[in-house]
>>> print(open('target21.cif').read())   # mmCIF, C-alpha atoms
data_structure
loop_
_atom_site.group_PDB
_atom_site.id
_atom_site.type_symbol
_atom_site.label_atom_id
_atom_site.label_comp_id
_atom_site.auth_asym_id
_atom_site.auth_seq_id
_atom_site.Cartn_x
_atom_site.Cartn_y
_atom_site.Cartn_z
ATOM 1 C CA ALA A 1448 15.349 13.068 -3.739
ATOM 2 C CA ASN A 1449 16.106 9.580 -4.978
ATOM 3 C CA LYS A 1450 18.433 9.637 -8.010
ATOM 4 C CA ILE A 1451 18.249 5.923 -8.860
ATOM 5 C CA LYS A 1452 17.315 5.644 -12.527
ATOM 6 C CA VAL A 1453 15.921 2.092 -12.583
ATOM 7 C CA VAL A 1454 12.142 2.043 -12.279
ATOM 8 C CA THR A 1455 11.046 -0.670 -9.825
ATOM 9 C CA GLU A 1456 8.669 -0.879 -6.902
ATOM 10 C CA TRP A 1457 11.600 -1.839 -4.657
ATOM 11 C CA GLN A 1458 13.377 1.516 -4.905
ATOM 12 C CA TYR A 1459 12.176 3.655 -1.992
ATOM 13 C CA ASN A 1460 13.226 6.960 -0.574
ATOM 14 C CA PHE A 1461 12.606 5.754 2.988
ATOM 15 C CA ARG A 1462 12.026 2.188 4.195
ATOM 16 C CA ILE A 1463 11.392 1.280 7.833
ATOM 17 C CA HIS A 1464 11.014 -2.325 8.990
ATOM 18 C CA ASN A 1465 11.613 -4.310 12.163
ATOM 19 C CA SER A 1466 11.708 -1.019 14.021
ATOM 20 C CA SER A 1467 9.898 0.665 16.913
ATOM 21 C CA ARG A 1468 9.340 4.258 18.020
ATOM 22 C CA ASP A 1469 10.804 5.859 14.905
ATOM 23 C CA THR A 1470 9.815 9.364 13.805
ATOM 24 C CA LEU A 1471 9.791 10.868 10.305
ATOM 25 C CA LYS A 1472 9.394 14.626 10.643
ATOM 26 C CA GLY A 1473 9.609 17.439 8.132
ATOM 27 C CA LEU A 1474 10.904 15.210 5.332
ATOM 28 C CA LEU A 1475 10.409 15.403 1.580
ATOM 29 C CA ALA A 1476 10.042 12.022 -0.162
ATOM 30 C CA GLN A 1477 10.071 12.834 -3.864
ATOM 31 C CA ASN A 1478 10.795 11.199 -7.233
ATOM 32 C CA ALA A 1479 11.391 7.691 -5.861
ATOM 33 C CA LYS A 1480 11.377 5.007 -8.544
ATOM 34 C CA GLY A 1481 9.062 2.996 -6.264
ATOM 35 C CA ASP A 1482 7.374 4.261 -3.076
ATOM 36 C CA GLY A 1483 8.250 7.445 -1.303
ATOM 37 C CA ILE A 1484 7.920 5.736 2.118
ATOM 38 C CA TYR A 1485 7.567 1.993 2.811
ATOM 39 C CA LEU A 1486 6.678 0.617 6.256
ATOM 40 C CA GLY A 1487 7.171 -2.993 7.358
ATOM 41 C CA SER A 1488 6.893 -6.525 6.029
ATOM 42 C CA PHE A 1489 4.912 -9.359 7.551
ATOM 43 C CA ARG A 1490 8.099 -10.871 9.034
ATOM 44 C CA THR A 1491 9.506 -7.508 10.137
ATOM 45 C CA PRO A 1492 6.637 -5.263 11.276
ATOM 46 C CA CYS A 1493 6.957 -1.701 12.466
ATOM 47 C CA ARG A 1494 5.626 -0.529 15.817
ATOM 48 C CA ASP A 1495 4.715 2.907 17.143
ATOM 49 C CA ILE A 1496 5.802 4.966 14.147
ATOM 50 C CA THR A 1497 5.279 8.738 13.945
ATOM 51 C CA VAL A 1498 5.046 10.568 10.610
ATOM 52 C CA THR A 1499 4.496 14.299 10.895
ATOM 53 C CA SER A 1500 4.802 17.290 8.565
ATOM 54 C CA VAL A 1501 6.041 15.044 5.748
ATOM 55 C CA LYS A 1502 5.543 15.646 2.017
ATOM 56 C CA SER A 1503 5.560 12.623 -0.275
ATOM 57 C CA ARG A 1504 5.026 13.552 -3.903
ATOM 58 C CA LYS A 1505 5.723 12.535 -7.496
ATOM 59 C CA ASN A 1506 6.816 9.024 -6.571
ATOM 60 C CA TYR A 1507 6.546 6.337 -9.233
ATOM 61 C CA ARG A 1508 4.336 3.957 -7.229
ATOM 62 C CA ASN A 1509 2.722 5.218 -3.972
ATOM 63 C CA GLY A 1510 3.415 8.125 -1.707
ATOM 64 C CA MET A 1511 3.472 5.721 1.259
ATOM 65 C CA SER A 1512 2.901 1.959 1.457
ATOM 66 C CA ILE A 1513 2.095 0.241 4.759
ATOM 67 C CA THR A 1514 2.366 -3.554 4.738
ATOM 68 C CA SER A 1515 2.835 -4.364 8.422
ATOM 69 C CA CYS A 1516 2.486 -1.868 11.261
ATOM 70 C CA ASP A 1517 1.176 -1.883 14.828
ATOM 71 C CA GLY A 1518 0.729 1.747 15.854
ATOM 72 C CA LEU A 1519 1.092 4.678 13.446
ATOM 73 C CA ARG A 1520 0.415 8.368 13.985
ATOM 74 C CA CYS A 1521 0.516 10.264 10.695
ATOM 75 C CA THR A 1522 -0.320 13.948 11.118
ATOM 76 C CA ASP A 1523 -0.153 17.162 9.076
ATOM 77 C CA SER A 1524 1.357 15.396 6.074
ATOM 78 C CA ILE A 1525 0.766 15.704 2.320
ATOM 79 C CA PHE A 1526 0.638 12.899 -0.267
ATOM 80 C CA ASN A 1527 0.159 14.271 -3.756
ATOM 81 C CA ASP A 1528 0.828 13.588 -7.449
ATOM 82 C CA ASN A 1529 1.942 9.991 -6.895
ATOM 83 C CA GLY A 1530 1.572 7.019 -9.202
ATOM 84 C CA GLU A 1531 2.778 5.887 -12.609
ATOM 85 C CA THR A 1532 2.428 2.166 -11.797
ATOM 86 C CA SER A 1533 -0.178 0.312 -9.736
ATOM 87 C CA PRO A 1534 -1.551 0.903 -7.110
ATOM 88 C CA LEU A 1535 -1.100 4.611 -8.012
ATOM 89 C CA ALA A 1536 -2.079 5.896 -4.558
ATOM 90 C CA GLY A 1537 -1.218 8.625 -2.120
ATOM 91 C CA VAL A 1538 -1.232 6.082 0.730
ATOM 92 C CA ASP A 1539 -1.723 2.313 0.284
ATOM 93 C CA VAL A 1540 -2.426 0.096 3.317
ATOM 94 C CA GLU A 1541 -1.861 -3.407 1.943
ATOM 95 C CA PRO A 1542 -0.634 -6.313 4.104
ATOM 96 C CA HIS A 1543 0.743 -9.203 2.091
ATOM 97 C CA ASP A 1544 0.028 -11.924 4.657
ATOM 98 C CA ALA A 1545 -2.756 -12.705 7.124
ATOM 99 C CA ALA A 1546 -0.202 -12.588 9.950
ATOM 100 C CA ALA A 1547 0.980 -9.080 9.095
ATOM 101 C CA PRO A 1548 -0.386 -6.701 11.742
ATOM 102 C CA ILE A 1549 -2.432 -3.696 10.661
ATOM 103 C CA ARG A 1550 -3.485 -2.151 13.947
ATOM 104 C CA ASP A 1551 -4.039 1.318 15.359
ATOM 105 C CA LEU A 1552 -3.175 3.328 12.229
ATOM 106 C CA ARG A 1553 -4.333 6.954 12.604
ATOM 107 C CA PHE A 1554 -4.187 9.706 10.011
ATOM 108 C CA SER A 1555 -5.060 13.218 11.181
ATOM 109 C CA ARG A 1556 -5.067 16.535 9.308
ATOM 110 C CA CYS A 1557 -3.459 14.986 6.234
ATOM 111 C CA ALA A 1558 -4.018 15.836 2.558
ATOM 112 C CA PHE A 1559 -4.212 13.301 -0.288
ATOM 113 C CA SER A 1560 -4.494 15.088 -3.622
ATOM 114 C CA SER A 1561 -4.021 14.626 -7.367
ATOM 115 C CA ASN A 1562 -2.820 11.028 -7.105
ATOM 116 C CA THR A 1563 -3.277 9.028 -10.292
ATOM 117 C CA ALA A 1564 -5.835 6.485 -9.048
ATOM 118 C CA ARG A 1565 -6.573 6.758 -5.320
ATOM 119 C CA GLY A 1566 -5.960 9.230 -2.572
ATOM 120 C CA PHE A 1567 -6.205 6.680 0.247
ATOM 121 C CA LEU A 1568 -6.318 2.952 -0.562
ATOM 122 C CA VAL A 1569 -6.905 -0.030 1.728
ATOM 123 C CA VAL A 1570 -6.461 -3.586 0.386
ATOM 124 C CA MET A 1571 -6.526 -6.013 3.296
ATOM 125 C CA HIS A 1572 -5.430 -9.644 3.000
ATOM 126 C CA PRO A 1573 -8.275 -12.185 2.724
ATOM 127 C CA GLY A 1574 -7.144 -13.758 6.009
ATOM 128 C CA ASN A 1575 -7.036 -10.558 8.070
ATOM 129 C CA VAL A 1576 -9.420 -10.557 11.036
ATOM 130 C CA GLU A 1577 -11.695 -7.686 12.001
ATOM 131 C CA ARG A 1578 -10.098 -5.184 14.394
ATOM 132 C CA PRO A 1579 -12.387 -2.286 15.361
ATOM 133 C CA GLY A 1580 -10.705 1.041 14.667
ATOM 134 C CA ALA A 1581 -7.715 -0.587 12.986
ATOM 135 C CA ILE A 1582 -7.508 2.275 10.441
ATOM 136 C CA ARG A 1583 -8.775 5.764 11.219
ATOM 137 C CA LEU A 1584 -8.868 8.917 9.097
ATOM 138 C CA ALA A 1585 -9.906 12.151 10.777
ATOM 139 C CA ASP A 1586 -9.887 15.788 9.669
ATOM 140 C CA CYS A 1587 -8.313 14.946 6.320
ATOM 141 C CA THR A 1588 -8.748 16.440 2.834
ATOM 142 C CA ILE A 1589 -8.908 14.080 -0.150
ATOM 143 C CA GLU A 1590 -9.257 15.791 -3.522
ATOM 144 C CA LYS A 1591 -8.723 15.462 -7.280
ATOM 145 C CA ASN A 1592 -7.711 11.790 -7.200
ATOM 146 C CA GLY A 1593 -8.350 9.384 -10.092
ATOM 147 C CA ARG A 1594 -9.544 12.128 -12.377
ATOM 148 C CA ALA A 1595 -10.915 11.205 -15.823
ATOM 149 C CA ALA A 1596 -10.626 7.485 -15.061
ATOM 150 C CA SER A 1597 -12.743 4.619 -16.354
ATOM 151 C CA SER A 1598 -12.617 2.446 -13.226
ATOM 152 C CA SER A 1599 -15.178 2.743 -10.433
ATOM 153 C CA LEU A 1600 -12.415 1.834 -7.978
ATOM 154 C CA TRP A 1601 -10.400 4.934 -8.797
ATOM 155 C CA ALA A 1602 -11.571 7.103 -5.950
ATOM 156 C CA GLY A 1603 -10.694 9.549 -3.236
ATOM 157 C CA ILE A 1604 -10.950 6.670 -0.748
ATOM 158 C CA SER A 1605 -10.968 3.076 -2.044
ATOM 159 C CA LEU A 1606 -11.585 0.266 0.479
ATOM 160 C CA ILE A 1607 -11.078 -3.331 -0.696
ATOM 161 C CA ARG A 1608 -11.609 -6.079 1.894
ATOM 162 C CA PRO A 1609 -11.795 -3.390 4.607
ATOM 163 C CA ARG A 1610 -11.416 -4.357 8.257
ATOM 164 C CA GLY A 1611 -12.327 -1.861 10.971
ATOM 165 C CA VAL A 1612 -12.062 1.364 8.946
ATOM 166 C CA GLU A 1613 -13.336 4.596 10.516
ATOM 167 C CA ILE A 1614 -13.548 7.886 8.585
ATOM 168 C CA SER A 1615 -14.619 11.082 10.342
ATOM 169 C CA ASN A 1616 -14.784 14.806 9.664
ATOM 170 C CA CYS A 1617 -13.138 14.568 6.237
ATOM 171 C CA LEU A 1618 -13.629 16.521 3.020
ATOM 172 C CA LEU A 1619 -13.571 14.665 -0.310
ATOM 173 C CA ARG A 1620 -13.673 16.983 -3.297
ATOM 174 C CA GLU A 1621 -13.442 16.574 -7.088
ATOM 175 C CA ASN A 1622 -12.432 12.907 -7.049
ATOM 176 C CA HIS A 1623 -13.402 10.402 -9.765
ATOM 177 C CA VAL A 1624 -15.577 8.538 -7.239
ATOM 178 C CA GLY A 1625 -15.779 9.860 -3.714
ATOM 179 C CA ILE A 1626 -15.703 6.623 -1.668
ATOM 180 C CA ALA A 1627 -15.596 3.115 -3.199
ATOM 181 C CA ILE A 1628 -16.125 -0.021 -1.074
ATOM 182 C CA GLN A 1629 -16.005 -3.724 -1.937
ATOM 183 C CA SER A 1630 -15.649 -6.808 0.242
ATOM 184 C CA ARG A 1631 -13.790 -8.974 -2.246
ATOM 185 C CA ARG A 1632 -11.858 -9.009 -5.472
ATOM 186 C CA PRO A 1633 -13.129 -11.099 -8.403
ATOM 187 C CA SER A 1634 -10.477 -13.758 -7.719
ATOM 188 C CA ASP A 1635 -11.471 -14.118 -4.028
ATOM 189 C CA ALA A 1636 -13.725 -16.872 -2.717
ATOM 190 C CA LYS A 1637 -17.394 -15.968 -2.451
ATOM 191 C CA SER A 1638 -17.100 -16.515 1.302
ATOM 192 C CA MET A 1639 -15.350 -13.135 1.388
ATOM 193 C CA LEU A 1640 -18.722 -11.474 0.899
ATOM 194 C CA GLY A 1641 -20.198 -10.051 4.080
ATOM 195 C CA GLN A 1642 -16.891 -9.412 5.856
ATOM 196 C CA GLY A 1643 -15.585 -6.074 7.095
ATOM 197 C CA ILE A 1644 -16.984 -3.084 8.985
ATOM 198 C CA VAL A 1645 -16.752 0.551 7.842
ATOM 199 C CA THR A 1646 -17.996 3.593 9.773
ATOM 200 C CA ILE A 1647 -18.282 7.007 8.106
ATOM 201 C CA ASP A 1648 -19.188 10.031 10.204
ATOM 202 C CA ARG A 1649 -19.419 13.754 9.384
ATOM 203 C CA VAL A 1650 -17.983 13.529 5.880
ATOM 204 C CA ASP A 1651 -18.558 15.890 2.932
ATOM 205 C CA VAL A 1652 -18.237 14.394 -0.564
ATOM 206 C CA VAL A 1653 -18.639 17.067 -3.219
ATOM 207 C CA ASP A 1654 -18.227 17.446 -6.989
ATOM 208 C CA SER A 1655 -17.318 13.835 -7.769
ATOM 209 C CA GLU A 1656 -16.974 12.930 -11.447
ATOM 210 C CA ARG A 1657 -19.095 9.807 -10.892
ATOM 211 C CA GLU A 1658 -20.806 8.580 -7.718
ATOM 212 C CA GLY A 1659 -20.222 10.198 -4.375
ATOM 213 C CA MET A 1660 -20.265 6.710 -2.839
ATOM 214 C CA ILE A 1661 -20.415 3.257 -4.387
ATOM 215 C CA VAL A 1662 -20.669 -0.154 -2.704
ATOM 216 C CA LEU A 1663 -19.773 -2.791 -5.286
ATOM 217 C CA LYS A 1664 -19.780 -5.935 -3.147
ATOM 218 C CA GLY A 1665 -21.298 -5.851 0.284
ATOM 219 C CA ILE A 1666 -19.278 -5.838 3.481
ATOM 220 C CA ARG A 1667 -20.484 -7.037 6.880
ATOM 221 C CA LYS A 1668 -21.696 -3.628 8.031
ATOM 222 C CA LEU A 1669 -21.633 -0.081 6.683
ATOM 223 C CA GLU A 1670 -22.711 2.763 8.951
ATOM 224 C CA VAL A 1671 -22.882 6.306 7.541
ATOM 225 C CA ASN A 1672 -23.851 9.228 9.772
ATOM 226 C CA ASP A 1673 -24.204 12.940 9.006
ATOM 227 C CA ALA A 1674 -22.662 12.720 5.543
ATOM 228 C CA ARG A 1675 -23.313 15.150 2.700
ATOM 229 C CA LEU A 1676 -22.888 13.945 -0.877
ATOM 230 C CA LEU A 1677 -23.386 16.879 -3.215
ATOM 231 C CA ASN A 1678 -23.216 17.406 -7.002
ATOM 232 C CA SER A 1679 -22.095 13.899 -7.941
ATOM 233 C CA SER A 1680 -21.467 13.012 -11.600
ATOM 234 C CA ARG A 1681 -21.152 16.661 -12.459
ATOM 235 C CA GLU A 1682 -18.651 16.137 -15.307
ATOM 236 C CA GLN A 1683 -19.369 12.696 -16.771
ATOM 237 C CA ASN A 1684 -22.477 11.805 -18.712
ATOM 238 C CA GLY A 1685 -24.037 8.515 -17.708
ATOM 239 C CA PHE A 1686 -26.285 6.776 -15.228
ATOM 240 C CA PHE A 1687 -24.572 8.047 -12.119
ATOM 241 C CA SER A 1688 -26.276 8.862 -8.826
ATOM 242 C CA GLY A 1689 -25.165 10.283 -5.505
ATOM 243 C CA ILE A 1690 -25.047 6.868 -3.797
ATOM 244 C CA LEU A 1691 -24.978 3.523 -5.628
ATOM 245 C CA LEU A 1692 -25.460 0.294 -3.676
ATOM 246 C CA ALA A 1693 -24.652 -2.377 -6.236
ATOM 247 C CA GLY A 1694 -24.582 -5.184 -3.658
ATOM 248 C CA GLY A 1695 -24.615 -6.033 0.016
ATOM 249 C CA SER A 1696 -26.753 -5.666 3.128
ATOM 250 C CA ASN A 1697 -26.688 -4.252 6.660
ATOM 251 C CA MET A 1698 -26.213 -0.605 5.687
ATOM 252 C CA THR A 1699 -27.528 2.377 7.623
ATOM 253 C CA PHE A 1700 -27.589 6.021 6.552
ATOM 254 C CA THR A 1701 -28.607 8.482 9.281
ATOM 255 C CA ASP A 1702 -29.002 12.265 8.914
ATOM 256 C CA CYS A 1703 -27.395 12.150 5.471
ATOM 257 C CA VAL A 1704 -27.895 14.341 2.405
ATOM 258 C CA SER A 1705 -27.453 13.227 -1.207
ATOM 259 C CA GLU A 1706 -28.429 15.982 -3.627
ATOM 260 C CA GLY A 1707 -27.460 17.378 -6.998
ATOM 261 C CA ALA A 1708 -26.474 14.084 -8.640
ATOM 262 C CA ARG A 1709 -27.073 13.588 -12.356
ATOM 263 C CA ARG A 1710 -29.779 10.987 -11.649
ATOM 264 C CA PHE A 1711 -31.009 9.725 -8.251
ATOM 265 C CA GLY A 1712 -30.087 10.599 -4.714
ATOM 266 C CA LEU A 1713 -29.651 6.863 -4.060
ATOM 267 C CA GLN A 1714 -29.850 3.756 -6.208
ATOM 268 C CA ALA A 1715 -29.868 0.155 -4.945
ATOM 269 C CA ALA A 1716 -29.686 -3.065 -6.953
ATOM 270 C CA PRO A 1717 -32.461 -5.656 -6.473
ATOM 271 C CA SER A 1718 -30.117 -7.941 -4.512
ATOM 272 C CA VAL A 1719 -29.452 -5.319 -1.832
ATOM 273 C CA ARG A 1720 -31.063 -6.044 1.551
ATOM 274 C CA ARG A 1721 -31.446 -4.488 5.007
ATOM 275 C CA VAL A 1722 -30.739 -0.855 4.200
ATOM 276 C CA VAL A 1723 -32.238 1.751 6.532
ATOM 277 C CA LEU A 1724 -32.375 5.456 5.686
ATOM 278 C CA THR A 1725 -33.216 7.616 8.712
ATOM 279 C CA ARG A 1726 -33.888 11.349 8.427
ATOM 280 C CA CYS A 1727 -32.087 11.520 5.087
ATOM 281 C CA ARG A 1728 -32.636 14.122 2.384
ATOM 282 C CA LEU A 1729 -32.278 12.705 -1.108
ATOM 283 C CA ALA A 1730 -32.728 14.314 -4.500
ATOM 284 C CA GLY A 1731 -31.365 13.830 -7.996
ATOM 285 C CA ASN A 1732 -31.352 16.431 -10.733
ATOM 286 C CA THR A 1733 -33.202 14.363 -13.336
ATOM 287 C CA ALA A 1734 -34.719 11.311 -11.658
ATOM 288 C CA GLY A 1735 -35.631 11.974 -8.034
ATOM 289 C CA GLU A 1736 -34.948 10.607 -4.585
ATOM 290 C CA LEU A 1737 -34.672 6.835 -4.884
ATOM 291 C CA ASP A 1738 -34.335 4.041 -7.414
ATOM 292 C CA VAL A 1739 -34.663 0.865 -5.357
ATOM 293 C CA PRO A 1740 -36.912 -1.607 -7.258
ATOM 294 C CA LYS A 1741 -37.158 -4.876 -5.305
ATOM 295 C CA ALA A 1742 -34.278 -3.842 -3.009
ATOM 296 C CA GLY A 1743 -34.698 -4.122 0.740
ATOM 297 C CA VAL A 1744 -34.564 -0.419 1.559
ATOM 298 C CA ARG A 1745 -36.571 1.084 4.424
ATOM 299 C CA VAL A 1746 -37.035 4.831 4.768
ATOM 300 C CA VAL A 1747 -37.621 6.312 8.224
ATOM 301 C CA ARG A 1748 -38.663 9.960 8.058
#
>>> encode(input="target21.cif", output="structure tokens")
Amino acid sequence: ANKIKVVTEWQYNFRIHNSSRDTLKGLLAQNAKGDGIYLGSFRTPCRDITVTSVKSRKNYRNGMSITSCDGLRCTDSIFNDNGETSPLAGVDVEPHDAAAPIRDLRFSRCAFSSNTARGFLVVMHPGNVERPGAIRLADCTIEKNGRAASSSLWAGISLIRPRGVEISNCLLRENHVGIAIQSRRPSDAKSMLGQGIVTIDRVDVVDSEREGMIVLKGIRKLEVNDARLLNSSREQNGFFSGILLAGGSNMTFTDCVSEGARRFGLQAAPSVRRVVLTRCRLAGNTAGELDVPKAGVRVVR
């Protein structure tokens, strides 16, 4: 454990940069005054890194930060109870330059739990290009992150300016929001709208404090298949539904279930366009299936 007393984001337990084919196995990264693990910089990227059976917990900033990496296999690892200063995440993928590579990052059978704001956070640089499958989560458990928060971006999975994110066969349970997606930050140019592709497949999102899924500002394409969003907004009073599409277009939901939310199964703002729901089962506890006045939502039974 790191014994440095000064609190600063630059005090890590483990930092790897300008390195290839390194392996972190069976390590405990705990009580760092910054990040438990820090990978890369845009001038000194990492390549082909393996992280397996690692525990990163109770670190002051993030459990693991990834700023520049081409090839990562993170398996059977736990990131929990991290965050006393922003970004407050279990894992944060956040390149600081458009030239910093974020490619072929794969997380399998990992757990992200009880982190202050986010279990798994992606904040891509405005200049990053789309790379299909750049970031993949599979067979992971994301639970109890961002509890009792006021921000809709405190979530089990929070994707800001996402590029090529794929999420499959994951369980999200008892998070503030299940999955939060937005294409741009308020300070970004409006041209950032409509960029980024996210694919979600075979995901269960249960017992969220607020929405199971929220899209705040639309990305280029969102594809959700065989997802179950159950019992959203079970603890917080308010106008919360299973799925909230506050902006965007080009979204498809196929063979999905959204039931047990405080209000609607799905809500869409009037500006939302080109949303297709195919063979979906939607129901809210108090308001019904859909609230989509003037939105471009098509239902295919």
>>> resolve_selection(input="target21.cif", expression="the PyMOL selection byres ((chain A and resi 1726-1739) around 12)", output="VMD selection string")
chain A and resid 1658 1671 to 1681 1685 to 1694 1699 to 1720 1722 to 1725 1740 to 1748
>>> atom_distance(input="target21.cif", atom1="atom CA of A:Arg1550", atom2="atom CA of A:Gln1642")
17.3 Å
>>> closest_residue(input="target21.cif", among="A:Arg1578, A:Val1650, A:Ile1661, A:Gly1641", to="A:Ser1598", atoms="only C-alpha atoms")
A:Ile1661
>>> atom_distance(input="target21.cif", atom1="atom CA of A:Arg1508", atom2="atom CA of A:Glu1621")
21.8 Å
>>> residues_around(input="target21.cif", residues="stretch 1515-1529 of chain A", least_positions_apart="4", cutoff="6 Å", atoms="only C-alpha atoms", output="ChimeraX atom specification")
/A:1487-1489,1492-1506,1509-1510,1537,1542,1547-1562
>>> resolve_selection(input="target21.cif", expression="the PyMOL selection byres ((chain A and resi 1655) around 6)", output="list in words")
Glu1621, Asn1622, His1623, Val1624, Gly1625, Val1653, Asp1654, Glu1656, Arg1657, Gly1659, Ser1679 and Ser1680 of chain A
>>> closest_residue(input="target21.cif", among="A:Cys1617, A:Ala1636, A:Met1571, A:Ala1595", to="A:Arg1583", atoms="only C-alpha atoms")
A:Cys1617
>>> closest_residue(input="target21.cif", among="A:His1464, A:Lys1472, A:Arg1565, A:Arg1620", to="A:Leu1486", atoms="all atoms listed in the file")
A:His1464
>>> atom_distance(input="target21.cif", atom1="atom CA of A:Glu1531", atom2="atom CA of A:Leu1618")
25.0 Å
>>> residues_around(input="target21.cif", residues="A:Glu1613", least_positions_apart="3", cutoff="10 Å", atoms="all atoms listed in the file", output="list in words")
Arg1553, Pro1579, Gly1580, Ala1581, Ile1582, Arg1583, Leu1584, Ala1585, Arg1610, Ile1644, Val1645, Thr1646, Ile1647, Asp1648 and Glu1670 of chain A
>>> write_last_selection(input="target21.cif", atoms="C-alpha atoms", output="mmCIF file, keeping the file's coordinate frame")
data_model
loop_
_atom_site.group_PDB
_atom_site.id
_atom_site.type_symbol
_atom_site.label_atom_id
_atom_site.label_comp_id
_atom_site.auth_asym_id
_atom_site.auth_seq_id
_atom_site.Cartn_x
_atom_site.Cartn_y
_atom_site.Cartn_z
ATOM 1 C CA ARG A 1553 -4.333 6.954 12.604
ATOM 2 C CA PRO A 1579 -12.387 -2.286 15.361
ATOM 3 C CA GLY A 1580 -10.705 1.041 14.667
ATOM 4 C CA ALA A 1581 -7.715 -0.587 12.986
ATOM 5 C CA ILE A 1582 -7.508 2.275 10.441
ATOM 6 C CA ARG A 1583 -8.775 5.764 11.219
ATOM 7 C CA LEU A 1584 -8.868 8.917 9.097
ATOM 8 C CA ALA A 1585 -9.906 12.151 10.777
ATOM 9 C CA ARG A 1610 -11.416 -4.357 8.257
ATOM 10 C CA ILE A 1644 -16.984 -3.084 8.985
ATOM 11 C CA VAL A 1645 -16.752 0.551 7.842
ATOM 12 C CA THR A 1646 -17.996 3.593 9.773
ATOM 13 C CA ILE A 1647 -18.282 7.007 8.106
ATOM 14 C CA ASP A 1648 -19.188 10.031 10.204
ATOM 15 C CA GLU A 1670 -22.711 2.763 8.951
#
>>> closest_residue(input="target21.cif", among="A:Ala1564, A:Pro1609, A:Gly1481, A:Thr1491", to="A:Ser1466", atoms="only C-alpha atoms")
A:Thr1491
>>> closest_atom_pairs(input="target21.cif", of="stretch 1547-1608 of chain A", to="stretch 1663-1666 of chain A", cutoff="12 Å", atoms="only C-alpha atoms", output="Markdown table")
| residue | atom | partner | partner_atom | distance |
| --- | --- | --- | --- | --- |
| A:Glu1577 | CA | A:Ile1666 | CA | 11.6 |
| A:Ser1598 | CA | A:Leu1663 | CA | 11.9 |
| A:Ser1599 | CA | A:Leu1663 | CA | 8.8 |
| A:Leu1600 | CA | A:Leu1663 | CA | 9.1 |
| A:Ser1605 | CA | A:Leu1663 | CA | 11.1 |
| A:Leu1606 | CA | A:Ile1666 | CA | 10.3 |
| A:Ile1607 | CA | A:Lys1664 | CA | 9.4 |
| A:Arg1608 | CA | A:Ile1666 | CA | 7.8 |
>>> closest_residue(input="target21.cif", among="A:Ala1479, A:Val1570, A:Ala1536, A:Ile1628", to="A:Val1662", atoms="only C-alpha atoms")
A:Ile1628
>>> closest_residue(input="target21.cif", among="A:Arg1649, A:Arg1594, A:Lys1480, A:Arg1667", to="A:Phe1461", atoms="only C-alpha atoms")
A:Lys1480
